[in-house]
Structure formats: structure tokens, C-alpha cells
$ cat upload-v4.cif   # mmCIF, C-alpha atoms
data_structure
#
loop_
_atom_site.label_atom_id
_atom_site.label_comp_id
_atom_site.auth_asym_id
_atom_site.auth_seq_id
_atom_site.Cartn_x
_atom_site.Cartn_y
_atom_site.Cartn_z
CA MET A 1 235.72 203.53 231.39
CA SER A 2 232.11 202.58 231.60
CA GLU A 3 232.20 202.75 235.41
CA GLN A 4 233.09 206.41 235.16
CA ALA A 5 230.70 207.34 232.39
CA SER A 6 227.66 205.84 234.08
CA PRO A 7 227.75 207.78 237.38
CA LYS A 8 228.57 211.03 235.61
CA SER A 9 225.68 210.53 233.26
CA LYS A 10 223.39 209.80 236.20
CA ALA A 11 224.46 212.94 238.03
CA GLN A 12 223.95 215.11 234.99
CA LEU A 13 220.60 213.57 234.25
CA ASP A 14 219.35 214.12 237.79
CA ALA A 15 220.50 217.71 237.79
CA GLU A 16 218.92 218.37 234.42
CA PHE A 17 215.72 216.66 235.42
CA SER A 18 215.63 218.85 238.50
CA ASP A 19 215.91 221.89 236.24
CA LEU A 20 213.14 220.59 234.01
CA TYR A 21 210.91 219.95 237.01
CA ARG A 22 211.48 223.42 238.42
CA ALA A 23 210.88 225.10 235.09
CA HIS A 24 207.68 223.28 234.20
CA LEU A 25 205.91 222.20 237.38
CA ARG A 26 203.41 225.03 237.05
CA ASP A 27 202.93 224.32 233.34
CA VAL A 28 202.13 220.67 233.97
CA TYR A 29 199.81 221.46 236.86
CA SER A 30 198.02 224.19 234.91
CA TYR A 31 197.57 221.90 231.92
CA ALA A 32 196.31 219.09 234.15
CA TYR A 33 193.96 221.38 236.03
CA TYR A 34 192.30 222.88 232.98
CA ARG A 35 192.34 219.53 231.22
CA VAL A 36 190.56 217.52 233.92
CA GLY A 37 188.80 220.38 235.71
CA ASP A 38 189.33 218.85 239.10
CA HIS A 39 191.82 219.71 241.78
CA HIS A 40 192.52 216.18 243.00
CA ASP A 41 192.78 214.61 239.57
CA ALA A 42 195.10 217.42 238.51
CA GLU A 43 197.40 216.65 241.43
CA ASP A 44 197.46 212.95 240.59
CA LEU A 45 198.07 213.71 236.95
CA THR A 46 200.93 216.06 237.73
CA GLU A 47 202.61 213.58 240.03
CA GLN A 48 202.28 210.72 237.57
CA THR A 49 203.54 212.91 234.75
CA PHE A 50 206.78 213.75 236.52
CA LEU A 51 207.35 210.22 237.74
CA GLN A 52 206.90 208.88 234.24
CA ALA A 53 209.07 211.67 232.88
CA TYR A 54 211.84 210.75 235.30
CA ARG A 55 211.74 207.15 234.14
CA HIS A 56 212.09 208.09 230.49
CA PHE A 57 214.11 211.27 230.81
CA GLU A 58 217.36 209.90 229.41
CA ARG A 59 215.75 208.61 226.24
CA ALA A 60 213.73 211.78 225.79
CA GLN A 61 216.85 213.90 226.06
CA ARG A 62 218.68 211.69 223.59
CA GLU A 63 215.86 211.87 221.08
CA SER A 64 215.07 215.56 221.52
CA ASN A 65 218.27 216.69 219.80
CA GLY A 66 218.47 219.65 222.13
CA ARG A 67 214.90 220.83 221.57
CA PRO A 68 212.87 221.93 224.62
CA LEU A 69 211.25 219.10 226.53
CA ARG A 70 208.10 220.94 227.59
CA PRO A 71 206.02 219.49 224.71
CA TRP A 72 207.18 216.03 225.72
CA LEU A 73 206.09 216.62 229.31
CA ILE A 74 202.70 217.91 228.23
CA ARG A 75 202.27 214.96 225.91
CA ILE A 76 202.85 212.62 228.84
CA ALA A 77 200.20 214.51 230.81
CA HIS A 78 197.87 214.34 227.81
CA ASN A 79 198.28 210.57 227.50
CA LEU A 80 197.81 210.05 231.23
CA ALA A 81 194.66 212.17 231.19
CA ALA A 82 193.31 210.12 228.31
CA ASN A 83 194.04 206.95 230.27
CA LEU A 84 192.35 208.41 233.33
CA TYR A 85 189.12 208.97 231.45
CA ARG A 86 189.30 205.66 229.69
CA ASP A 87 189.88 203.80 232.95
CA ARG A 88 187.02 205.53 234.66
CA ALA A 89 184.83 205.12 231.60
CA ARG A 90 183.46 208.58 231.99
CA LYS A 91 183.63 211.83 230.12
CA PRO A 92 185.92 214.70 231.13
CA ALA A 93 184.80 217.69 233.13
CA SER A 94 183.73 219.50 229.97
CA SER A 95 180.84 217.10 229.64
CA ILE A 96 179.73 216.93 233.22
CA ASP A 97 176.19 218.12 233.50
CA GLU A 98 175.33 221.68 234.30
CA THR A 99 174.50 220.92 237.92
CA THR A 100 178.13 220.19 238.64
CA THR A 101 180.01 223.11 240.13
CA PRO A 102 182.55 224.06 237.48
CA LEU A 103 186.23 223.96 238.35
CA PRO A 104 185.93 223.52 242.09
CA ALA A 105 188.78 224.40 244.42
CA MET A 106 190.50 226.78 242.05
CA HIS A 107 193.62 228.48 243.28
CA THR A 108 194.88 231.74 241.89
CA THR A 109 192.28 231.68 239.14
CA GLU A 110 189.51 231.53 241.71
CA GLN A 111 190.20 235.05 242.82
CA LEU A 112 190.71 236.12 239.26
CA VAL A 113 187.39 234.80 238.02
CA GLU A 114 185.41 235.78 241.08
CA GLY A 115 182.95 238.47 240.10
CA ARG A 116 184.06 238.40 236.48
CA ASP A 117 181.15 236.97 234.56
CA GLU A 118 182.90 237.39 231.25
CA LEU A 119 185.80 235.21 232.33
CA SER A 120 183.45 232.61 233.74
CA ARG A 121 181.58 232.47 230.45
CA VAL A 122 184.85 232.07 228.57
CA LEU A 123 185.90 229.22 230.86
CA ASP A 124 182.50 227.58 230.46
CA GLY A 125 182.91 227.91 226.71
CA VAL A 126 186.36 226.32 226.81
CA ARG A 127 184.83 223.30 228.50
CA LEU A 128 182.36 222.90 225.68
CA LEU A 129 185.03 222.71 222.99
CA PRO A 130 186.08 219.38 221.48
CA ASP A 131 189.05 217.89 223.35
CA ASP A 132 191.72 218.74 220.80
CA ARG A 133 190.62 222.37 220.51
CA ARG A 134 190.35 222.76 224.26
CA GLU A 135 193.83 221.32 224.74
CA ALA A 136 195.31 223.57 222.09
CA LEU A 137 193.85 226.64 223.80
CA ILE A 138 195.10 225.52 227.21
CA MET A 139 198.59 225.09 225.81
CA ARG A 140 198.51 228.43 224.04
CA PHE A 141 196.90 230.62 226.69
CA ALA A 142 197.57 228.92 230.03
CA LEU A 143 201.07 227.71 229.22
CA GLY A 144 202.10 230.27 226.62
CA MET A 145 203.33 227.63 224.19
CA ASP A 146 203.97 228.64 220.59
CA ASN A 147 202.58 226.80 217.57
CA ARG A 148 205.65 224.63 217.17
CA GLU A 149 205.61 223.47 220.78
CA ILE A 150 201.89 222.76 220.64
CA ALA A 151 202.36 220.85 217.41
CA ARG A 152 205.00 218.65 219.02
CA ALA A 153 202.88 218.07 222.10
CA MET A 154 199.86 217.11 220.01
CA GLY A 155 201.72 215.17 217.34
CA ARG A 156 200.53 217.42 214.51
CA SER A 157 202.15 219.54 211.88
CA ASP A 158 202.78 223.22 212.55
CA GLY A 159 200.25 224.17 209.89
CA ALA A 160 197.52 221.90 211.22
CA THR A 161 198.13 223.28 214.70
CA LYS A 162 197.79 226.85 213.50
CA VAL A 163 194.47 226.00 211.87
CA LEU A 164 193.32 224.10 214.95
CA ILE A 165 193.98 227.06 217.24
CA HIS A 166 192.36 229.50 214.85
CA ARG A 167 189.22 227.39 214.63
CA ALA A 168 189.18 226.82 218.37
CA ILE A 169 189.19 230.55 219.04
CA LYS A 170 186.49 231.18 216.48
CA GLN A 171 184.32 228.41 217.86
CA LEU A 172 184.81 229.66 221.39
CA GLU A 173 183.87 233.20 220.35
CA GLU A 174 180.70 231.79 218.88
CA ILE A 175 179.85 229.76 221.98
CA VAL A 176 180.45 232.70 224.27
CA GLY A 177 178.50 234.99 221.97
CA ASP A 178 175.57 232.59 221.87
CA ARG A 179 175.52 232.52 225.65
CA GLY A 180 175.24 236.26 225.80
CA GLY A 181 178.76 237.05 226.92
CA VAL A 182 181.59 239.21 225.68
CA ALA A 183 179.97 241.73 223.41
CA SER A 184 182.96 241.97 221.14
CA ALA A 185 182.67 238.30 220.30
CA THR A 186 179.11 238.64 219.11
CA ARG A 187 179.71 241.87 217.24
CA ASN A 188 182.95 241.15 215.45
CA GLY A 189 184.12 237.63 215.86
CA ARG A 190 181.30 235.50 214.51
CA PRO A 191 182.58 233.20 211.84
CA SER A 192 180.26 231.50 209.44
CA GLY A 193 179.91 227.73 209.65
CA ALA A 194 181.98 227.18 212.78
CA GLY A 195 179.52 224.88 214.49
CA THR A 196 180.25 223.29 217.83
CA SER A 197 180.30 219.81 216.40
CA GLU A 198 182.39 220.53 213.37
CA GLY A 199 185.06 218.34 214.90
CA GLY A 200 187.98 220.06 213.26
CA ALA A 201 187.60 218.56 209.83
CA GLY A 202 190.75 219.31 207.99
CA ASP A 203 192.62 220.10 211.22
CA ASP A 204 193.91 216.66 211.71
CA MET B 1 194.05 240.48 213.47
CA THR B 2 191.12 242.67 214.50
CA GLU B 3 190.94 244.62 217.74
CA ALA B 4 188.05 242.41 218.82
CA ALA B 5 190.10 239.29 218.26
CA HIS B 6 192.91 240.79 220.33
CA SER B 7 190.43 241.65 223.03
CA PHE B 8 188.92 238.17 223.04
CA GLU B 9 192.33 236.52 223.18
CA GLY B 10 193.25 238.79 226.07
CA LEU B 11 190.14 237.64 227.87
CA LEU B 12 190.98 234.04 227.09
CA ARG B 13 194.46 234.56 228.46
CA GLU B 14 192.98 235.94 231.67
CA ALA B 15 190.44 233.15 231.98
CA LEU B 16 193.13 230.50 231.50
CA ALA B 17 195.62 232.07 233.87
CA PRO B 18 198.34 229.64 235.01
CA VAL B 19 197.44 227.81 238.21
CA GLU B 20 199.97 227.45 241.00
CA PRO B 21 200.27 223.87 242.23
CA PRO B 22 199.17 223.37 245.84
CA ALA B 23 202.03 223.43 248.34
CA ASP B 24 201.18 220.04 249.83
CA MET B 25 201.29 218.42 246.41
CA VAL B 26 204.66 220.04 245.69
CA GLU B 27 205.98 218.78 249.01
CA ARG B 28 204.76 215.25 248.33
CA LEU B 29 206.01 215.11 244.75
CA GLU B 30 209.43 216.49 245.57
CA GLY B 31 209.73 214.05 248.44
CA THR B 32 208.99 211.21 246.05
CA LEU B 33 211.43 212.45 243.43
CA THR B 34 214.11 212.99 246.06
CA SER B 35 213.61 209.45 247.34
CA ILE B 36 213.99 208.09 243.84
CA THR B 37 217.21 209.99 243.15
CA GLU B 38 218.61 209.11 246.57
CA MET B 39 217.83 205.47 245.99
CA ALA B 40 219.82 205.59 242.79
CA ALA B 41 222.60 207.49 244.55
CA ASP B 42 222.78 204.79 247.22
CA GLU B 43 223.41 202.23 244.53
CA LEU B 44 226.22 204.38 243.18
CA GLU B 45 227.65 204.79 246.65
CA ALA B 46 227.73 201.04 247.06
CA TRP B 47 229.61 200.81 243.77
CA GLU B 48 232.04 203.50 244.92
CA LEU B 49 232.87 201.71 248.18
CA SER B 50 233.47 198.42 246.41
CA ALA B 51 235.66 200.17 243.85
CA MET B 52 237.76 201.81 246.55
CA ARG B 53 238.61 198.45 248.07
CA ASP B 54 240.65 197.81 244.94
CA PRO B 55 243.98 199.70 245.25
CA ARG B 56 244.03 200.19 241.50
CA ASN B 57 241.12 202.59 241.91
CA TRP B 58 242.65 204.70 244.66
CA ALA B 59 244.38 206.95 242.20
CA ARG B 60 241.06 207.94 240.69
CA PRO B 61 239.24 210.05 243.25
CA ALA B 62 237.33 211.70 240.42
CA ALA B 63 235.07 208.67 240.28
CA ALA B 64 234.13 209.19 243.89
CA VAL B 65 233.42 212.85 243.28
CA MET B 66 231.20 211.92 240.38
CA ALA B 67 229.32 209.40 242.48
CA GLY B 68 228.97 212.10 245.11
CA SER B 69 227.57 214.52 242.60
CA ALA B 70 224.84 212.01 241.82
CA ALA B 71 223.76 212.22 245.43
CA GLY B 72 224.16 215.96 245.06
CA ALA B 73 221.41 216.14 242.51
CA ALA B 74 219.09 214.53 245.00
CA LEU B 75 220.15 217.02 247.64
CA VAL B 76 219.49 219.90 245.28
CA LEU B 77 215.88 218.79 245.06
CA LEU B 78 215.66 218.31 248.79
CA ARG B 79 217.13 221.71 249.63
CA ALA B 80 215.02 223.41 247.01
CA ARG B 81 211.97 221.77 248.53
CA ARG B 82 212.76 223.15 251.96
CA ARG B 83 213.18 226.60 250.51
CA THR B 84 209.92 226.31 248.63
CA ALA B 85 208.07 225.47 251.79
CA ALA B 86 209.38 228.62 253.43
CA ALA B 87 209.14 231.12 250.60
CA ALA B 88 208.54 231.68 246.91
CA PRO B 89 210.01 229.24 244.35
CA PRO B 90 213.78 229.73 244.04
CA SER B 91 215.20 231.57 241.09
CA LEU B 92 217.73 230.02 238.73
CA ALA B 93 220.46 231.86 240.63
CA ASP B 94 219.19 230.38 243.89
CA LEU B 95 219.21 226.90 242.42
CA ARG B 96 222.71 227.41 241.05
CA ASP B 97 223.84 228.63 244.42
CA THR B 98 222.25 225.64 246.12
CA ALA B 99 223.84 223.27 243.62
CA GLU B 100 227.27 224.85 244.08
CA ARG B 101 227.03 224.67 247.85
CA THR B 102 225.85 221.08 247.67
CA LEU B 103 228.67 220.06 245.35
CA GLY B 104 231.13 221.97 247.52
CA ASP B 105 229.96 220.09 250.60
CA LEU B 106 230.20 216.79 248.81
CA THR B 107 233.65 217.48 247.37
CA ARG B 108 234.96 218.39 250.82
CA GLU B 109 233.39 215.29 252.28
CA VAL B 110 234.87 213.00 249.63
CA ARG B 111 238.30 214.58 250.03
CA ARG B 112 238.07 214.10 253.76
CA MET B 113 237.09 210.47 253.31
CA LEU B 114 239.90 209.84 250.85
CA GLY B 115 242.39 211.54 253.17
CA GLU B 116 241.43 209.21 255.99
CA ARG B 117 242.07 206.07 253.98
#

$ encode --input "upload-v4.cif" --output "C-alpha cells"
Amino acid sequence: MSEQASPKSKAQLDAEFSDLYRAHLRDVYSYAYYRVGDHHDAEDLTEQTFLQAYRHFERAQRESNGRPLRPWLIRIAHNLAANLYRDRARKPASSIDETTTPLPAMHTTEQLVEGRDELSRVLDGVRLLPDDRREALIMRFALGMDNREIARAMGRSDGATKVLIHRAIKQLEEIVGDRGGVASATRNGRPSGAGTSEGGAGDD
Amino acid sequence: MTEAAHSFEGLLREALAPVEPPADMVERLEGTLTSITEMAADELEAWELSAMRDPRNWARPAAAVMAGSAAGAALVLLRARRRTAAAAPPSLADLRDTAERTLGDLTREVRRMLGER
């Protein structure tokens, strides 16, 4: 009976969405925070991501064929962030001028970075990366996503994602090295021809 | 991978440490999500009451339990939210426990309602 199937489906969906929310709230917030570099925008982005996810949860589950839904969630956040910047017609935090205080109102990371110049330089370097490279690093290192998950979130192949992350790390090492930080990066990690405006040719 | 690369990636991992969402945002978001699920549950409840007016449906209390469990999902969020405000985020076992207690409450309530009819 359709009357029976519908409520049961609704109950299951709500319970499963609750699980998804619990499991990935921190992931979505972390992604949003490092993506937009602003506490308030990150909150808005996180809220909108989960509300949109709730609206489309049933279809996403149906189409996921049992695969984890974290990449789907992050993709929603990614699209919303892109819309945010487009609507405001301004560049993301990575391009805000140097007079802007970087990553204001940080939470746990604030204590972590405090007094750690190396970490600050790395974070500054992350902000200077092209969007796709920055996002890939956020997904890998802040969220702990593997190549396959990142590939799904970014709509790329696994191979292209692996290359993207590799080049992002190399470029970041170079940026940090050029800015006088992290001795190991300057001594051992300097790739040849990994300029900051390379744009990931061949990645995409 | 070289030792330096490992070291740099370790630094990167530290620099990009996960960020805990602010408590007030969590409170607000969970309130919104709970409202949405409760709204949907209210619609189901309305369906349940109309169905129970038809004697042909009285022999199928399972439908009422299922409608109740829809409201239960909303309550799971609500209860979890209250716990979050007081302490650390609940573990999976905590959530399961909350869900079981919520469903238990609802099942008892539905049985009581059906017994009174």
C-alpha cells in the first residue's frame, strides 16, 4: 500500500539524514570555513548546505548506490560558495588584500596557529593557491577525504584528482619556501616549473 | 615519498585542522532541521488520524507506529541537540540509545491511543 510505504520511507529518510548530519557537520563547517575564510559566511554556508541537502536527500540516496554521501554534501557546499562569490561579485578570502586580517574569529585552529609562524605561513600559502587546488587540499587535509571522495566532490576522475593534489602540494611548498618559511620545503620540496599561475594545466 | 614531503604534509594537516562549528550555529541549524522534520511529521499525523476514522484501517496499527516513527526522527534531532548544548557531541551509541528510547516512547503512546479507541 502506498499509504504505508510513504510514511515508512519518510521516517527512514529522516533518521538517516540525522545520521548524515551528525557525522559530517564538522566536515561541512571546516570546508566552509577554510573555503570562505570568514566565520559568518561559513555559518551561513553550512546552514544552507544542510537545508539544501535535506531537500534533495532522497534523490541523492537513490542515486548514490550505497556510496558515502560526504562528497555530495561537500559538492553542495562548493556550489553554494561559488554562488556566494558570484552574487557578491567579489573574490574569495584568498584574494583579499594583505591588510585584511586573515581568518578572523578562528576556533580551535586559532589556538593551534597562535605562535606558530610556520603554520601561519602554510595557511597564507593555501589562500594563494588557485581555487581548485585550495579546495582539494582542504578536502584532503582538513576533512581527511581520500582521492576517490575528492574526485566525486569535484566532479573529476580519480587520476586527475591525484595529479591535482600532487601539484597543489608542490605549489604550496614553493609558495611557502619563497616566503621564507618551512626550511624543509625550500631545501627538498622545490619542484621545477610549478609556478603560481600554472592553473593546473592537464589537471582538469 | 621523501621525509621532507611527509613533514610538509604533516604541517599542512596541522594548519588545516578541522574546525568545530560554533555552538550557537549548531543550535540554530538543528532547531531549523527539527522544525522541518516536525512539520512533515504533522502532515503524517493528520493522515494517520483521517485513516483511523475508517474502520477498515483499525486492524493496521503498524501504519500508526510508522507515522509515529517519522515524528521520532524529529525528536531524535531535538534530543540530540539538547545533549549537545550540555556536553560533547553524542556518540553513535548515544544516538542509538536516544533513538530507541524515542521509538519506545512513541510505540507506547500509539498503543495507548489505540487502546482508548

$ resolve_selection --input "upload-v4.cif" --expression "the PyMOL selection byres ((chain A and resi 80) around 12)" --output "ChimeraX atom specification"
/A:28,31-32,35-36,41-42,44-53,73-79,81-87

$ resolve_selection --input "upload-v4.cif" --expression "the PyMOL selection byres ((chain B and resi 20) around 6)" --output "MDAnalysis selection string"
(chainID A and resid 26) or (chainID B and resid 19 21)

$ closest_residue --input "upload-v4.cif" --among "B:Ile36, B:Leu29, B:Ala23, B:Leu16" --to "A:Arg134" --atoms "all atoms listed in the file"
B:Leu16

$ atom_distance --input "upload-v4.cif" --atom1 "atom CA of A:Glu16" --atom2 "atom CA of A:Met139"
23.1 Å

$ closest_residue --input "upload-v4.cif" --among "A:Ile150, A:Glu174, A:Ser157, A:Arg67" --to "chain B" --atoms "all atoms listed in the file"
A:Glu174

$ atom_distance --input "upload-v4.cif" --atom1 "atom CA of B:Ala15" --atom2 "atom CA of B:Glu27"
27.2 Å

$ axis_aligned_box --input "upload-v4.cif" --around "stretch 61-78 of chain A" --padding-each-side "6 Å" --output "AutoDock Vina command-line options"
--center_x 208.3 --center_y 216.8 --center_z 225.3 --size_x 32.8 --size_y 22.2 --size_z 23.0

$ atom_distance --input "upload-v4.cif" --atom1 "atom CA of A:Arg167" --atom2 "atom CA of A:Gly125"
13.6 Å

$ residues_around --input "upload-v4.cif" --residues "A:Arg156" --least-positions-apart "4" --cutoff "12 Å" --atoms "all atoms listed in the file" --output "ChimeraX atom specification"
/A:71,75,132,136,147-152,160-165,202-204

$ resolve_selection --input "upload-v4.cif" --expression "the PyMOL selection byres ((chain B and resi 18) around 6)" --output "PDB file with C-alpha atoms, keeping the file's coordinate frame"
ATOM      1  CA  SER A  30     198.020 224.190 234.910  1.00  0.00           C
ATOM      2  CA  ALA A 142     197.570 228.920 230.030  1.00  0.00           C
TER       3      ALA A 142
ATOM      4  CA  ALA B  17     195.620 232.070 233.870  1.00  0.00           C
ATOM      5  CA  VAL B  19     197.440 227.810 238.210  1.00  0.00           C
TER       6      VAL B  19
END

$ closest_residue --input "upload-v4.cif" --among "A:Glu63, A:Trp72, A:Val176, A:Gly159" --to "chain B" --atoms "only C-alpha atoms"
A:Val176

$ residues_around --input "upload-v4.cif" --residues "A:Arg179" --least-positions-apart "3" --cutoff "10 Å" --atoms "only C-alpha atoms" --output "VMD selection string"
chain A and resid 121 to 122 124 to 125 173 to 176 182 186

$ closest_residue --input "upload-v4.cif" --among "B:Thr34, B:Arg13, B:Pro22, B:Arg28" --to "chain A" --atoms "all atoms listed in the file"
B:Arg13

$ closest_residue --input "upload-v4.cif" --among "A:Ala168, A:Leu20, A:Leu25, A:Met145" --to "chain B" --atoms "all atoms listed in the file"
A:Leu25
